[in-house]
Amino acid sequence: MKIEPGFAAIILAGGKGTRMGELTEKIPKPLLPIAGRPMIDYLFSSLQKGGVAEIHVVVSHLKNQWYNAERYQPRSSVSLVDASHCSNMVSSFLMAAQLVKERNIIGISGDVFFHESVIPWATQQHKVSGNQVSLFLQKLGKQRYKRWNWIVKGGRLIDIEVSPDSTGYEKYLVIMDREVLSAYTNNFSRNIGKDESEFIEYSKYQKGWIFLLKRLCEQSIDIGVYYSNEYLQNINSPGDIVAVEKHLNASKL
């Protein structure tokens with residue numbers, strides 16, 4: 001496969017969204033409406049502004065809802081990747097990465113909301129840096145999940161620790177060179193089950209982004225770290241949707 005020099009996105013949208021209660025019983029969380037638009041539509045807009053034409057949406061829970069939701073898709077190359085047979089986030093991400101034609105892969109969750117200017121800014125940072133991997137963090141403020149200490153030295157991610165006194169930052173975006181993933185895909189696939197016990201303290205994140213980023217750190221992959229002050233909201237409850245709608249009304253985006 002010819003590798004193009006641009007950017008592709010893998011949006012992880014296969015979770016069950018159980019904390020949303022009855023809202024996600026019949027519709028996947030990323031398709032829930034925010035101010036009259038599906039949640040994921042805001043991600044599509046930001047990706048398009050960043051010049052990202054290749055988008056892969058990884059689906060599992062209520063996957064048929066996605067295949068019936070063509071009206072939600074923008075005028076760019078969007079494909080749905082069925083990951084219902086995958087046991088964890090890392091394996092579904094790596095599976096989708098096999099389909100990517102562009103050199104740089106944006107990894108992002110389908111249930112995060114941020115300003116549409118973020119993707120253009122992030123892709124530019126990654127492009128000029130020459131990083132193998134770029135990690136973008138946001139100050140959490142009053143939001144939950146303050147469990148991770150991102151050990152950063154000289155603007156590079158060295159390690160990730162679990163601590164009740166965390167640095168108070170949350171990952172919201174990762175950009176990776178496709179060759180980095182290609183080089184380590186087989187290794188991850190072989191060890192994803194064997195190494196599970198090492199990361200039991202990571203609870204449900206043991207097979208998620210933390211697992212993948214920690215593995216990359218251990219392999220001495222160059223990971224640049226950037227911080228954004230733009231608005232960010234992880235959609236983990238109905239109240240989070242209300243918060244985003246209030247933000248949109250206040251900012252008139």
# chains A, B, ... in the order shown; residues from 1 in each chain; ligands from 1

call {"tool": "residues_around", "arguments": {"residues": "range 41-45 of chain A", "least_positions_apart": "5", "cutoff": "12 Å", "atoms": "only C-alpha atoms", "output": "PyMOL selection string"}}
result
chain A and resi 8-13+30-36+50-57+69-78+106-120+172-173+244+248+253

call {"tool": "closest_residue", "arguments": {"among": "A:Ser129, A:Gln124, A:Ser60, A:Asn234", "to": "Met39 in chain A", "atoms": "only C-alpha atoms"}}
result
A:Asn234

call {"tool": "closest_residue", "arguments": {"among": "A:Asn104, A:Ser237, A:Asn149, A:Ser228", "to": "Gly6 in chain A", "atoms": "only C-alpha atoms"}}
result
A:Asn104

call {"tool": "atom_distance", "arguments": {"atom1": "CA of Ser79 in chain A", "atom2": "CA of Gly224 in chain A"}}
result
28.6 Å

call {"tool": "closest_residue", "arguments": {"among": "A:Arg156, A:Ile40, A:Gln233, A:His85", "to": "Glu245 in chain A", "atoms": "only C-alpha atoms"}}
result
A:Gln233

call {"tool": "residues_around", "arguments": {"residues": "Met176 in chain A", "least_positions_apart": "6", "cutoff": "9 Å", "atoms": "only C-alpha atoms", "output": "ChimeraX atom specification"}}
result
/A:103-107,126,131-135,223

call {"tool": "closest_residue", "arguments": {"among": "A:Glu179, A:Glu230, A:Val100, A:Trp148", "to": "Val162 in chain A", "atoms": "only C-alpha atoms"}}
result
A:Trp148

call {"tool": "select_by_dssp", "arguments": {"residues": "range 13-141 of chain A", "states": "helix (DSSP H, G or I)", "output": "PyMOL selection string"}}
result
chain A and resi 18-24+29-31+39-49+63-67+70-72+89-97+118-129

call {"tool": "closest_residue", "arguments": {"among": "A:Thr123, A:Ile158, A:Ile27, A:Val59", "to": "Met95 in chain A", "atoms": "only C-alpha atoms"}}
result
A:Val59

call {"tool": "atom_distance", "arguments": {"atom1": "CA of Ser46 in chain A", "atom2": "CA of Ala122 in chain A"}}
result
10.7 Å

call {"tool": "closest_residue", "arguments": {"among": "A:Leu94, A:Val225, A:Val242, A:Ile235", "to": "Val180 in chain A", "atoms": "only C-alpha atoms"}}
result
A:Leu94

call {"tool": "atom_distance", "arguments": {"atom1": "CA of Ser87 in chain A", "atom2": "CA of His61 in chain A"}}
result
12.4 Å

call {"tool": "decode", "arguments": {"residues": "range 211-238 of chain A", "atoms": "N, CA and C atoms", "output": "PDB file, in the first residue's frame"}}
result
ATOM      1  N   PHE A 211      -2.496   1.988  28.296  1.00  0.00           N
ATOM      2  CA  PHE A 211      -1.738   0.776  27.973  1.00  0.00           C
ATOM      3  C   PHE A 211      -0.853   1.016  26.754  1.00  0.00           C
ATOM      4  N   LEU A 212      -1.441   1.548  25.700  1.00  0.00           N
ATOM      5  CA  LEU A 212      -0.712   1.737  24.449  1.00  0.00           C
ATOM      6  C   LEU A 212       0.414   2.751  24.609  1.00  0.00           C
ATOM      7  N   LEU A 213       0.126   3.891  25.242  1.00  0.00           N
ATOM      8  CA  LEU A 213       1.146   4.927  25.407  1.00  0.00           C
ATOM      9  C   LEU A 213       2.274   4.464  26.325  1.00  0.00           C
ATOM     10  N   LYS A 214       1.927   3.741  27.374  1.00  0.00           N
ATOM     11  CA  LYS A 214       2.974   3.233  28.267  1.00  0.00           C
ATOM     12  C   LYS A 214       3.872   2.245  27.535  1.00  0.00           C
ATOM     13  N   ARG A 215       3.280   1.416  26.711  1.00  0.00           N
ATOM     14  CA  ARG A 215       4.080   0.480  25.920  1.00  0.00           C
ATOM     15  C   ARG A 215       5.029   1.227  24.977  1.00  0.00           C
ATOM     16  N   LEU A 216       4.539   2.289  24.360  1.00  0.00           N
ATOM     17  CA  LEU A 216       5.391   3.072  23.462  1.00  0.00           C
ATOM     18  C   LEU A 216       6.538   3.718  24.231  1.00  0.00           C
ATOM     19  N   CYS A 217       6.261   4.203  25.449  1.00  0.00           N
ATOM     20  CA  CYS A 217       7.329   4.760  26.285  1.00  0.00           C
ATOM     21  C   CYS A 217       8.393   3.709  26.570  1.00  0.00           C
ATOM     22  N   GLU A 218       7.961   2.508  26.891  1.00  0.00           N
ATOM     23  CA  GLU A 218       8.899   1.431  27.199  1.00  0.00           C
ATOM     24  C   GLU A 218       9.750   1.055  25.995  1.00  0.00           C
ATOM     25  N   GLN A 219       9.227   1.307  24.800  1.00  0.00           N
ATOM     26  CA  GLN A 219       9.976   1.017  23.578  1.00  0.00           C
ATOM     27  C   GLN A 219      10.828   2.209  23.137  1.00  0.00           C
ATOM     28  N   SER A 220      10.898   3.242  24.008  1.00  0.00           N
ATOM     29  CA  SER A 220      11.699   4.450  23.740  1.00  0.00           C
ATOM     30  C   SER A 220      11.252   5.183  22.484  1.00  0.00           C
ATOM     31  N   ILE A 221       9.956   5.110  22.194  1.00  0.00           N
ATOM     32  CA  ILE A 221       9.407   5.884  21.088  1.00  0.00           C
ATOM     33  C   ILE A 221       9.354   7.352  21.492  1.00  0.00           C
ATOM     34  N   ASP A 222       9.742   8.229  20.586  1.00  0.00           N
ATOM     35  CA  ASP A 222       9.761   9.670  20.854  1.00  0.00           C
ATOM     36  C   ASP A 222       8.328  10.208  20.881  1.00  0.00           C
ATOM     37  N   ILE A 223       7.865  10.649  22.057  1.00  0.00           N
ATOM     38  CA  ILE A 223       6.498  11.144  22.225  1.00  0.00           C
ATOM     39  C   ILE A 223       6.547  12.595  22.693  1.00  0.00           C
ATOM     40  N   GLY A 224       6.219  13.519  21.801  1.00  0.00           N
ATOM     41  CA  GLY A 224       6.160  14.930  22.162  1.00  0.00           C
ATOM     42  C   GLY A 224       4.848  15.246  22.855  1.00  0.00           C
ATOM     43  N   VAL A 225       4.880  16.162  23.830  1.00  0.00           N
ATOM     44  CA  VAL A 225       3.689  16.498  24.613  1.00  0.00           C
ATOM     45  C   VAL A 225       3.340  17.970  24.421  1.00  0.00           C
ATOM     46  N   TYR A 226       2.055  18.220  24.187  1.00  0.00           N
ATOM     47  CA  TYR A 226       1.555  19.579  23.982  1.00  0.00           C
ATOM     48  C   TYR A 226       0.324  19.793  24.855  1.00  0.00           C
ATOM     49  N   TYR A 227       0.123  21.048  25.262  1.00  0.00           N
ATOM     50  CA  TYR A 227      -0.991  21.382  26.141  1.00  0.00           C
ATOM     51  C   TYR A 227      -1.902  22.394  25.456  1.00  0.00           C
ATOM     52  N   SER A 228      -3.195  22.168  25.609  1.00  0.00           N
ATOM     53  CA  SER A 228      -4.174  23.073  25.010  1.00  0.00           C
ATOM     54  C   SER A 228      -5.004  23.737  26.097  1.00  0.00           C
ATOM     55  N   ASN A 229      -5.354  25.001  25.874  1.00  0.00           N
ATOM     56  CA  ASN A 229      -6.230  25.725  26.788  1.00  0.00           C
ATOM     57  C   ASN A 229      -7.640  25.854  26.239  1.00  0.00           C
ATOM     58  N   GLU A 230      -7.883  25.235  25.084  1.00  0.00           N
ATOM     59  CA  GLU A 230      -9.219  25.309  24.501  1.00  0.00           C
ATOM     60  C   GLU A 230     -10.210  24.477  25.323  1.00  0.00           C
ATOM     61  N   TYR A 231     -11.476  24.765  25.124  1.00  0.00           N
ATOM     62  CA  TYR A 231     -12.534  24.070  25.856  1.00  0.00           C
ATOM     63  C   TYR A 231     -12.515  22.576  25.537  1.00  0.00           C
ATOM     64  N   LEU A 232     -12.636  21.759  26.583  1.00  0.00           N
ATOM     65  CA  LEU A 232     -12.667  20.307  26.422  1.00  0.00           C
ATOM     66  C   LEU A 232     -13.693  19.721  27.373  1.00  0.00           C
ATOM     67  N   GLN A 233     -14.485  18.793  26.885  1.00  0.00           N
ATOM     68  CA  GLN A 233     -15.444  18.102  27.748  1.00  0.00           C
ATOM     69  C   GLN A 233     -15.543  16.643  27.335  1.00  0.00           C
ATOM     70  N   ASN A 234     -15.189  15.751  28.250  1.00  0.00           N
ATOM     71  CA  ASN A 234     -15.445  14.330  28.031  1.00  0.00           C
ATOM     72  C   ASN A 234     -16.914  14.069  28.337  1.00  0.00           C
ATOM     73  N   ILE A 235     -17.605  13.416  27.431  1.00  0.00           N
ATOM     74  CA  ILE A 235     -19.037  13.171  27.607  1.00  0.00           C
ATOM     75  C   ILE A 235     -19.220  11.838  28.321  1.00  0.00           C
ATOM     76  N   ASN A 236     -19.351  11.902  29.640  1.00  0.00           N
ATOM     77  CA  ASN A 236     -19.497  10.697  30.447  1.00  0.00           C
ATOM     78  C   ASN A 236     -20.832  10.603  31.170  1.00  0.00           C
ATOM     79  N   SER A 237     -21.649  11.641  31.078  1.00  0.00           N
ATOM     80  CA  SER A 237     -22.942  11.641  31.755  1.00  0.00           C
ATOM     81  C   SER A 237     -23.878  12.591  31.019  1.00  0.00           C
ATOM     82  N   PRO A 238     -25.192  12.475  31.237  1.00  0.00           N
ATOM     83  CA  PRO A 238     -26.124  13.431  30.625  1.00  0.00           C
ATOM     84  C   PRO A 238     -25.795  14.871  30.993  1.00  0.00           C
TER      85      PRO A 238
END
